[in-house]
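Notes to accompany the following structure.
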Amino acid sequence: MELRQIQYFIEVAKREHMTDAADALHVAQSAVSRQIVNLEAELGVNLFIREGRNIRLTHIGQMFLGKMEQAIDVIEQAKREIEENLDPRKGTVRIGFPSSLAAYLLPSVVSAFRKEYPDVNFQLHQGSYHYLIDRVIRGDIDMALLGPIPKEEPRVKSEILFLENLVALLPANHTLAKKQSIALADLRHDAFILSPQGYILRDLVVNACKQHGFEPQVGFEGMDIDAIKGLVSAGLGVTLLPEITLIDSLPRSTVKIVVDEPRVNRTVGIIIPKDRVLMPTELLFYEFVRNFFDRLSGYQQ
């Protein structure tokens, strides 16, 4: 069994079409077909059911696909380890992040790191809170920036980088718009614009409101930070957002106001898998991130 056969098999299995797989691999369709036939002959089983021009995996083919994807992952991991041990400054970091950290924090950290290590490559993966935690655990990504960091997930190691306040974002014509600061209870009769059910940012806001005597009336939901900002800008409600999301992009016709009774905040940090040692380039970036925020904290004190 050759590595090329495995790669061709995985591509055909994903696309369920020989021609599409050949196009993706930049080889002739006849070459792909021949390698699949040779692989099936060697294994002594049919991996695919042929249905005209389309094909689909047999039950054995589905089992074989899972094993071969694991094998390719192991091979790719071994190649990365060799390359990074030869020179950690030329490896790859796979990092995940939520939309609330996409506009300012992540670009700032990566840009600062690349000034010192310009040859390191990054694979950036944006996703929801629980999705990113799961991908770190599974090994699909090396680490993730998150807010808040998970407290009760034993399969990851969490490092707090800083504590961040949530601030109120109100339409410019709101009756509280000229205030320097407000109490959270001042918004008890407003329609809130929040993330959908199951999103961590929604949980933070709802729990804070409940702790202070009311449950927020959710008028609209936004799938990401920009959508929420846009709905507030349109005058459809109010929201609470992490302050970092408004550093460079306060929407038109809105005002940002401090919530000081009580302060609503979240931890922001980085998570890595607990059961896997970071490879050299990953460790280089991880330590850089920790030192980067230690220095920032020192400047602010």
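Every chain in the structure tokens has a letter given in the order shown (A, B, ...), and although residue numbers restart at 1 in each chain, ligands are simply numbered from 1 in the order shown.
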Go through range 89-144 of chain A residue by residue and, counting only C-alpha atoms, keep those with an atom at most 12 Å from range 62-75 of chain A; for each kept residue give the shortest atom pair and its distance in Å to one decimal, ordered by chain and increasing number, as a Markdown table.
```
| residue | atom | partner | partner_atom | distance |
| --- | --- | --- | --- | --- |
| A:Arg138 | CA | A:Gln70 | CA | 11.6 |
| A:Gly139 | CA | A:Asp73 | CA | 9.8 |
| A:Asp140 | CA | A:Asp73 | CA | 9.5 |
```
Going by DSSP on the backbone, which bits of range 132-232 of chain A are strand (DSSP E or B)? Write them as a ChimeraX atom specification, please. /A:143-146,156-171,181-183,191-194,217-221
Selection from above, N, CA, C and O atoms, as a CSV table (one decimal), in the first residue's frame, can you write it?
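Saved result, result39.csv, follows:
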```csv
chain,number,residue,atom,x,y,z
A,143,MET,N,-4.0,25.3,19.7
A,143,MET,CA,-4.4,26.1,20.9
A,143,MET,C,-5.5,27.1,20.5
A,143,MET,O,-5.8,27.2,19.3
A,144,ALA,N,-6.1,27.7,21.4
A,144,ALA,CA,-7.1,28.7,21.1
A,144,ALA,C,-7.1,29.8,22.1
A,144,ALA,O,-6.9,29.6,23.3
A,145,LEU,N,-7.4,31.0,21.6
A,145,LEU,CA,-7.7,32.2,22.4
A,145,LEU,C,-9.1,32.2,22.7
A,145,LEU,O,-10.0,32.0,21.8
A,146,LEU,N,-9.5,32.4,24.0
A,146,LEU,CA,-10.9,32.3,24.4
A,146,LEU,C,-11.3,33.3,25.4
A,146,LEU,O,-10.4,33.8,26.2
A,156,VAL,N,-8.1,20.3,28.9
A,156,VAL,CA,-7.3,21.4,28.4
A,156,VAL,C,-6.6,22.2,29.6
A,156,VAL,O,-7.1,22.2,30.7
A,157,LYS,N,-5.5,22.8,29.3
A,157,LYS,CA,-4.8,23.6,30.3
A,157,LYS,C,-5.1,25.1,29.9
A,157,LYS,O,-5.0,25.5,28.7
A,158,SER,N,-5.6,25.9,30.8
A,158,SER,CA,-6.0,27.2,30.6
A,158,SER,C,-5.1,28.2,31.3
A,158,SER,O,-4.7,28.0,32.4
A,159,GLU,N,-4.8,29.3,30.6
A,159,GLU,CA,-3.9,30.4,31.1
A,159,GLU,C,-4.7,31.7,30.9
A,159,GLU,O,-5.0,32.1,29.8
A,160,ILE,N,-4.9,32.4,32.0
A,160,ILE,CA,-5.6,33.7,32.0
A,160,ILE,C,-4.6,34.7,31.5
A,160,ILE,O,-3.5,34.8,32.1
A,161,LEU,N,-4.9,35.5,30.5
A,161,LEU,CA,-4.0,36.6,30.0
A,161,LEU,C,-4.4,37.9,30.6
A,161,LEU,O,-3.6,38.7,30.9
A,162,PHE,N,-5.7,38.2,30.7
A,162,PHE,CA,-6.2,39.4,31.3
A,162,PHE,C,-7.7,39.3,31.6
A,162,PHE,O,-8.4,38.4,31.1
A,163,LEU,N,-8.1,40.3,32.4
A,163,LEU,CA,-9.6,40.4,32.7
A,163,LEU,C,-10.1,41.6,32.0
A,163,LEU,O,-9.6,42.7,31.9
A,164,GLU,N,-11.3,41.3,31.3
A,164,GLU,CA,-11.9,42.4,30.4
A,164,GLU,C,-13.3,42.7,30.8
A,164,GLU,O,-14.1,41.8,31.1
A,165,ASN,N,-13.6,44.0,30.8
A,165,ASN,CA,-14.9,44.5,31.2
A,165,ASN,C,-15.8,44.4,29.9
A,165,ASN,O,-15.4,44.5,28.8
A,166,LEU,N,-17.1,44.1,30.2
A,166,LEU,CA,-18.1,44.3,29.2
A,166,LEU,C,-18.8,45.6,29.3
A,166,LEU,O,-18.9,46.1,30.5
A,167,VAL,N,-19.0,46.3,28.2
A,167,VAL,CA,-19.6,47.7,28.3
A,167,VAL,C,-20.9,47.6,27.5
A,167,VAL,O,-21.2,46.7,26.7
A,168,ALA,N,-21.8,48.6,27.8
A,168,ALA,CA,-23.1,48.7,27.2
A,168,ALA,C,-22.9,49.5,25.8
A,168,ALA,O,-22.2,50.4,25.7
A,169,LEU,N,-23.6,48.9,24.8
A,169,LEU,CA,-23.6,49.6,23.5
A,169,LEU,C,-25.1,50.0,23.3
A,169,LEU,O,-26.0,49.1,23.3
A,170,LEU,N,-25.4,51.3,23.2
A,170,LEU,CA,-26.7,51.8,23.1
A,170,LEU,C,-26.9,52.6,21.8
A,170,LEU,O,-25.9,53.2,21.3
A,171,PRO,N,-28.1,52.7,21.3
A,171,PRO,CA,-28.4,53.6,20.2
A,171,PRO,C,-28.1,55.0,20.6
A,171,PRO,O,-28.4,55.3,21.8
A,181,SER,N,-21.7,56.7,32.9
A,181,SER,CA,-21.8,55.3,33.3
A,181,SER,C,-23.2,55.0,33.7
A,181,SER,O,-24.0,55.9,34.0
A,182,ILE,N,-23.5,53.7,33.7
A,182,ILE,CA,-24.9,53.3,34.1
A,182,ILE,C,-24.8,52.1,35.0
A,182,ILE,O,-23.8,51.4,35.1
A,183,ALA,N,-25.9,51.8,35.7
A,183,ALA,CA,-26.1,50.5,36.4
A,183,ALA,C,-26.7,49.5,35.4
A,183,ALA,O,-27.5,49.9,34.6
A,191,ALA,N,-35.1,46.2,25.2
A,191,ALA,CA,-34.9,45.0,24.4
A,191,ALA,C,-33.4,44.8,24.2
A,191,ALA,O,-32.7,45.7,23.8
A,192,PHE,N,-33.0,43.6,24.5
A,192,PHE,CA,-31.6,43.3,24.3
A,192,PHE,C,-31.3,42.6,23.0
A,192,PHE,O,-32.2,41.8,22.5
A,193,ILE,N,-30.2,42.8,22.4
A,193,ILE,CA,-29.7,42.1,21.3
A,193,ILE,C,-28.5,41.2,21.7
A,193,ILE,O,-27.5,41.7,22.1
A,194,LEU,N,-28.7,39.9,21.6
A,194,LEU,CA,-27.7,39.0,22.1
A,194,LEU,C,-27.4,37.9,21.1
A,194,LEU,O,-28.0,37.8,20.1
A,217,GLN,N,-34.9,41.0,28.3
A,217,GLN,CA,-35.9,40.8,27.2
A,217,GLN,C,-35.1,40.7,25.9
A,217,GLN,O,-34.6,41.8,25.4
A,218,VAL,N,-35.0,39.6,25.3
A,218,VAL,CA,-34.2,39.5,24.0
A,218,VAL,C,-35.1,39.8,22.8
A,218,VAL,O,-36.1,39.0,22.5
A,219,GLY,N,-34.8,40.9,22.2
A,219,GLY,CA,-35.6,41.3,21.0
A,219,GLY,C,-35.1,40.7,19.7
A,219,GLY,O,-35.9,40.3,18.8
A,220,PHE,N,-33.8,40.7,19.6
A,220,PHE,CA,-33.2,40.2,18.4
A,220,PHE,C,-31.9,39.4,18.7
A,220,PHE,O,-31.3,39.6,19.8
A,221,GLU,N,-31.5,38.5,17.8
A,221,GLU,CA,-30.2,37.8,18.0
A,221,GLU,C,-29.3,38.0,16.8
A,221,GLU,O,-29.8,38.1,15.7
```
Determine the nearest neighbour of Gly230 in chain A from the options A:Ile244, A:Ile133, A:Leu25, A:Leu250, counting only C-alpha atoms.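 Closest residue, counting only C-alpha atoms: A:Leu250.
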All alpha helix (DSSP H) residues (DSSP, backbone) inside range 18-252 of chain A, as a ChimeraX atom specification: /A:18-25,29-43,59-86,105-116,129-138,200-211,225-233
Skip Gly91 in chain A itself and residues of its chain fewer than 3 positions away, then list as a PyMOL selection string all residues within 8 Å of it, counting only C-alpha atoms. chain A and resi 80+83-84+87-88+119-121+281
Could you give me, as a ChimeraX atom specification, the residues within 12 Å of range 186-188 of chain A, counting only C-alpha atoms and dropping anything in the same chain fewer than 6 positions from it? /A:168-170,174-177,179,205-206,208-210,212-218,237-240,257,259-262
Just want the 9 Å neighbourhood of range 198-201 of chain A, counted on only C-alpha atoms, with same-chain residues fewer than 2 positions away dropped. Output as a short mmCIF file (atom, residue, chain, number, x, y, z; two decimals) with C-alpha atoms, in the first residue's frame.
```cif
data_model
loop_
_atom_site.label_atom_id
_atom_site.label_comp_id
_atom_site.auth_asym_id
_atom_site.auth_seq_id
_atom_site.Cartn_x
_atom_site.Cartn_y
_atom_site.Cartn_z
CA SER A 128 -17.70 29.32 18.42
CA TYR A 129 -16.60 28.82 22.02
CA HIS A 130 -17.42 25.14 22.52
CA GLY A 147 -13.03 34.53 26.56
CA PRO A 148 -13.87 33.41 29.15
CA LEU A 194 -27.72 38.98 22.14
CA SER A 195 -25.99 35.98 20.62
CA PRO A 196 -28.18 32.89 20.01
CA ASP A 203 -24.70 33.32 28.92
CA LEU A 204 -22.43 35.98 30.44
CA VAL A 205 -24.97 38.75 29.85
CA VAL A 206 -28.05 36.75 30.91
CA LEU A 240 -23.34 44.33 26.39
CA LEU A 241 -20.10 43.59 24.53
CA PRO A 242 -16.49 42.91 25.49
#
```
Distance query range 5-15 of chain A at most 10 Å, only C-alpha atoms, self and fewer than 4 positions along chain excluded, as a short mmCIF file (atom, residue, chain, number, x, y, z; two decimals) with N, CA and C atoms, in the first residue's frame:
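Dumped everything to part.cif:
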```cif
data_model
loop_
_atom_site.label_atom_id
_atom_site.label_comp_id
_atom_site.auth_asym_id
_atom_site.auth_seq_id
_atom_site.Cartn_x
_atom_site.Cartn_y
_atom_site.Cartn_z
N MET A 1 0.85 -1.19 0.00
CA MET A 1 0.00 0.00 0.00
C MET A 1 0.89 1.25 0.00
N THR A 19 -13.72 12.27 -11.27
CA THR A 19 -13.24 13.44 -12.01
C THR A 19 -12.95 14.60 -11.07
N ASP A 20 -13.87 14.85 -10.12
CA ASP A 20 -13.67 15.95 -9.18
C ASP A 20 -12.42 15.71 -8.32
N ALA A 21 -12.23 14.46 -7.91
CA ALA A 21 -11.05 14.13 -7.11
C ALA A 21 -9.77 14.33 -7.92
N ALA A 22 -9.80 13.91 -9.17
CA ALA A 22 -8.62 14.07 -10.04
C ALA A 22 -8.30 15.54 -10.24
N ALA A 24 -8.99 17.99 -8.17
CA ALA A 24 -8.45 18.52 -6.92
C ALA A 24 -7.00 18.09 -6.70
N LEU A 25 -6.67 16.89 -7.18
CA LEU A 25 -5.30 16.37 -7.02
C LEU A 25 -4.36 16.80 -8.14
N VAL A 27 -4.21 15.64 -11.23
CA VAL A 27 -3.71 14.48 -11.97
C VAL A 27 -4.82 14.01 -12.92
N ALA A 31 -5.33 8.06 -13.78
CA ALA A 31 -4.34 7.75 -12.74
C ALA A 31 -5.03 7.49 -11.41
N VAL A 32 -6.05 8.29 -11.10
CA VAL A 32 -6.79 8.09 -9.86
C VAL A 32 -7.53 6.76 -9.88
N SER A 33 -8.23 6.48 -10.99
CA SER A 33 -8.98 5.23 -11.11
C SER A 33 -8.07 4.02 -10.97
N ARG A 34 -6.91 4.09 -11.60
CA ARG A 34 -5.97 2.96 -11.57
C ARG A 34 -5.49 2.70 -10.15
N GLN A 35 -5.17 3.77 -9.39
CA GLN A 35 -4.68 3.60 -8.03
C GLN A 35 -5.77 3.04 -7.11
N ILE A 36 -7.02 3.45 -7.33
CA ILE A 36 -8.12 2.93 -6.52
C ILE A 36 -8.33 1.44 -6.81
N VAL A 37 -8.29 1.06 -8.09
CA VAL A 37 -8.43 -0.35 -8.47
C VAL A 37 -7.31 -1.17 -7.86
N ASN A 38 -6.07 -0.66 -7.92
CA ASN A 38 -4.93 -1.38 -7.35
C ASN A 38 -5.08 -1.54 -5.83
N LEU A 39 -5.58 -0.49 -5.18
CA LEU A 39 -5.76 -0.54 -3.73
C LEU A 39 -6.82 -1.58 -3.36
N GLU A 40 -7.93 -1.61 -4.08
CA GLU A 40 -8.98 -2.58 -3.81
C GLU A 40 -8.48 -3.99 -4.07
N LEU A 47 -14.05 -0.99 -2.03
CA LEU A 47 -14.17 0.16 -1.13
C LEU A 47 -15.29 1.10 -1.55
N PHE A 48 -15.69 1.01 -2.82
CA PHE A 48 -16.71 1.92 -3.36
C PHE A 48 -17.81 1.14 -4.06
N ASN A 54 -21.12 8.58 -10.47
CA ASN A 54 -20.92 8.83 -9.05
C ASN A 54 -20.55 7.53 -8.33
N ILE A 55 -19.85 7.70 -7.22
CA ILE A 55 -19.47 6.54 -6.42
C ILE A 55 -19.68 6.89 -4.95
N ARG A 56 -19.87 5.87 -4.14
CA ARG A 56 -19.98 6.09 -2.70
C ARG A 56 -19.33 4.93 -1.96
N LEU A 57 -18.94 5.20 -0.74
CA LEU A 57 -18.21 4.21 0.05
C LEU A 57 -19.09 3.04 0.46
N GLY A 61 -15.48 0.48 3.25
CA GLY A 61 -14.81 1.69 2.79
C GLY A 61 -14.90 2.81 3.82
N GLN A 62 -16.05 2.94 4.47
CA GLN A 62 -16.21 3.97 5.50
C GLN A 62 -15.28 3.71 6.68
N PHE A 64 -12.48 2.01 6.54
CA PHE A 64 -11.12 2.20 6.05
C PHE A 64 -10.77 3.69 5.96
N LEU A 65 -11.75 4.52 5.56
CA LEU A 65 -11.52 5.96 5.46
C LEU A 65 -11.12 6.55 6.81
N GLY A 66 -11.85 6.17 7.86
CA GLY A 66 -11.53 6.69 9.19
C GLY A 66 -10.11 6.33 9.61
N MET A 68 -7.56 5.56 7.61
CA MET A 68 -6.57 6.20 6.75
C MET A 68 -6.42 7.69 7.06
N GLU A 69 -7.52 8.35 7.45
CA GLU A 69 -7.41 9.75 7.85
C GLU A 69 -6.56 9.88 9.11
N ALA A 71 -4.17 7.81 9.91
CA ALA A 71 -2.80 7.52 9.48
C ALA A 71 -2.15 8.74 8.85
N ILE A 72 -2.90 9.44 7.99
CA ILE A 72 -2.36 10.65 7.34
C ILE A 72 -2.06 11.71 8.38
#
```
Measuring atom to atom with only C-alpha atoms, identify which of A:Asp275, A:Glu51, A:Asp248, A:Asp224 is nearest to Ala103 in chain A.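 Smallest separation from Ala103 in chain A among the options: A:Asp248.
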Find the distance between CA of Lys229 in chain A and CA of Ser108 in chain A and write it in Å to one decimal. 21.7 Å
d(CA of Ser233 in chain A, CA of Asn265 in chain A) in Å: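 Computing the Euclidean distance for CA of Ser233 in chain A and CA of Asn265 in chain A yields 22.9 Å.
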Rank nothing, just name the residue among A:Gly222, A:Glu16, A:Arg114, A:Asn207 nearest to Val264 in chain A, using only C-alpha atoms.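 The answer is A:Asn207, which sits nearest to Val264 in chain A.
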In Å, how far is it from CA of Pro107 in chain A to CA of Phe122 in chain A? 11.5 Å
Spatial neighbours of Val110 in chain A, 12 Å, only C-alpha atoms, chain gap at least 6 places, as a PyMOL selection string: chain A and resi 93-95+102-104+116-118+120-124+145+285-286+288-289+292
Which of these residues is nearest to Glu287 in chain A, using only C-alpha atoms: A:Val109, A:Ile137, A:Ala234, A:Ala28?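 The shortest atom-to-atom distance to Glu287 in chain A comes from A:Val109.
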